[in-house]
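Q: Submitted below is the structure of interest, expressed as C-alpha cells.
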Amino acid sequence: MAISKPAKSKNSLKNSEVDAKPSFKETTKKEDILTDNKEVSFPVNIRVDNHIRNKVSALINLGVAKNAKAVVEHMIESEIAELNESEKTRFDRMYNILEQKDYMSKSLK
C-alpha cells in the first residue's frame, strides 16, 4: 500500500503569508467603551416562584406600585440606598459593565 502526498490546492498559502501577523488599523481602549453613557431598553424575564409572584401582586393591590416592574424597581432602589460607599462603588461598576454589555449586544444586531 503506497502513501501519497496530499495534492496542493490552488489556494495554498506561502510560508511568508502564514508567518505574517495581522495588523489592526484601529484599537479600542477600555475607557472608550466604559465612559459612553449609551443605554438600551428591552424586555427580559426574571424567574421567581409563585410565592414571590403573589407577594408582588399583593403589593400592587395595596397600591404600593402600579405594576410588577415598579414594585421590583422600588425594592431595588431601597436596597441600593442601604449600601455603604464601598458597596455602592462596586455596584455602580458592575451595573455599568452590564449596561455596556447590553448596549454592545443590541448594537451588533
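Letters A, B, ... go to the chains of the C-alpha cells in the order shown; residues in each chain start at 1; ligands are counted from 1 in the same order.
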Tell me which protein, DNA and RNA residues are within 8 Å of stretch 40-44 of chain A, counting only C-alpha atoms, leaving out same-chain ones fewer than 4 positions away, and put them as an MDAnalysis selection string.
A: chainID A and resid 99 102:103 106
Q: Would you list the contacts of A:Phe91 as a VMD selection string, taking every protein, DNA or RNA residue within 12 Å and counting only C-alpha atoms, but skipping same-chain residues closer than 6 positions in sequence?
A: chain A and resid 76 79 to 85 97 to 98
Q: Save out the residues we just selected, C-alpha atoms, as a PDB file, in the first residue's frame.
A:
ATOM      1  CA  ILE A  76     -34.032  47.620  44.238  1.00  0.00           C
ATOM      2  CA  GLU A  79     -31.604  48.038  48.712  1.00  0.00           C
ATOM      3  CA  ILE A  80     -29.192  50.368  46.898  1.00  0.00           C
ATOM      4  CA  ALA A  81     -29.912  53.111  49.442  1.00  0.00           C
ATOM      5  CA  GLU A  82     -28.789  50.726  52.217  1.00  0.00           C
ATOM      6  CA  LEU A  83     -25.371  50.025  50.642  1.00  0.00           C
ATOM      7  CA  ASN A  84     -22.248  51.577  52.166  1.00  0.00           C
ATOM      8  CA  GLU A  85     -19.937  53.687  49.974  1.00  0.00           C
ATOM      9  CA  ILE A  97     -20.448  46.885  32.844  1.00  0.00           C
ATOM     10  CA  LEU A  98     -23.765  45.057  32.452  1.00  0.00           C
TER      11      LEU A  98
END
Q: Using atom CA of A:Lys88 and atom CA of A:Ser107 as the two end points, give the distance in Å to one decimal.
A: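 So the two atoms, atom CA of A:Lys88 and atom CA of A:Ser107, lie 27.9 Å apart.
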Q: Would you mind listing what lies within 12 Å of A:Val56 as a PyMOL selection string, with only C-alpha atoms counted and same-chain residues fewer than 2 positions away left out?
A: chain A and resi 48-54+58-75
Q: Using C-alpha atoms, can you export the residues from the last selection as an mmCIF file, in the first residue's frame?
A:
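So selection.cif came out as:
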data_model
loop_
_atom_site.group_PDB
_atom_site.id
_atom_site.type_symbol
_atom_site.label_atom_id
_atom_site.label_comp_id
_atom_site.auth_asym_id
_atom_site.auth_seq_id
_atom_site.Cartn_x
_atom_site.Cartn_y
_atom_site.Cartn_z
ATOM 1 C CA VAL A 48 -39.484 33.692 40.627
ATOM 2 C CA ASP A 49 -41.652 31.142 42.367
ATOM 3 C CA ASN A 50 -45.405 31.539 42.877
ATOM 4 C CA HIS A 51 -44.996 32.848 46.450
ATOM 5 C CA ILE A 52 -42.863 35.799 45.378
ATOM 6 C CA ARG A 53 -45.227 36.491 42.475
ATOM 7 C CA ASN A 54 -48.157 36.503 44.924
ATOM 8 C CA ALA A 58 -50.445 41.823 46.873
ATOM 9 C CA LEU A 59 -48.176 44.896 46.974
ATOM 10 C CA ILE A 60 -49.684 46.086 43.693
ATOM 11 C CA ASN A 61 -53.205 45.576 45.110
ATOM 12 C CA LEU A 62 -52.237 47.639 48.173
ATOM 13 C CA GLY A 63 -51.244 50.479 45.875
ATOM 14 C CA VAL A 64 -47.502 50.358 46.604
ATOM 15 C CA ALA A 65 -46.918 50.476 42.851
ATOM 16 C CA LYS A 66 -48.971 50.264 39.687
ATOM 17 C CA ASN A 67 -47.236 47.179 38.223
ATOM 18 C CA ALA A 68 -44.658 44.462 38.920
ATOM 19 C CA LYS A 69 -41.870 46.431 37.253
ATOM 20 C CA ALA A 70 -42.472 49.369 39.599
ATOM 21 C CA VAL A 71 -42.542 47.072 42.675
ATOM 22 C CA VAL A 72 -39.213 45.494 41.723
ATOM 23 C CA GLU A 73 -37.682 48.881 40.902
ATOM 24 C CA HIS A 74 -38.831 50.264 44.283
ATOM 25 C CA MET A 75 -37.316 47.292 46.134
#
Q: If I take atom CA of A:Ser105 and atom CA of A:Glu77, how far is one from the other in Å, to one decimal?
A: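 Separation between atom CA of A:Ser105 and atom CA of A:Glu77: 25.7 Å.
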Q: One number please: atom CA of A:Asn45 to atom CA of A:Tyr95, in Å, one decimal.
A: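 Computing the Euclidean distance for atom CA of A:Asn45 and atom CA of A:Tyr95 yields 17.6 Å.
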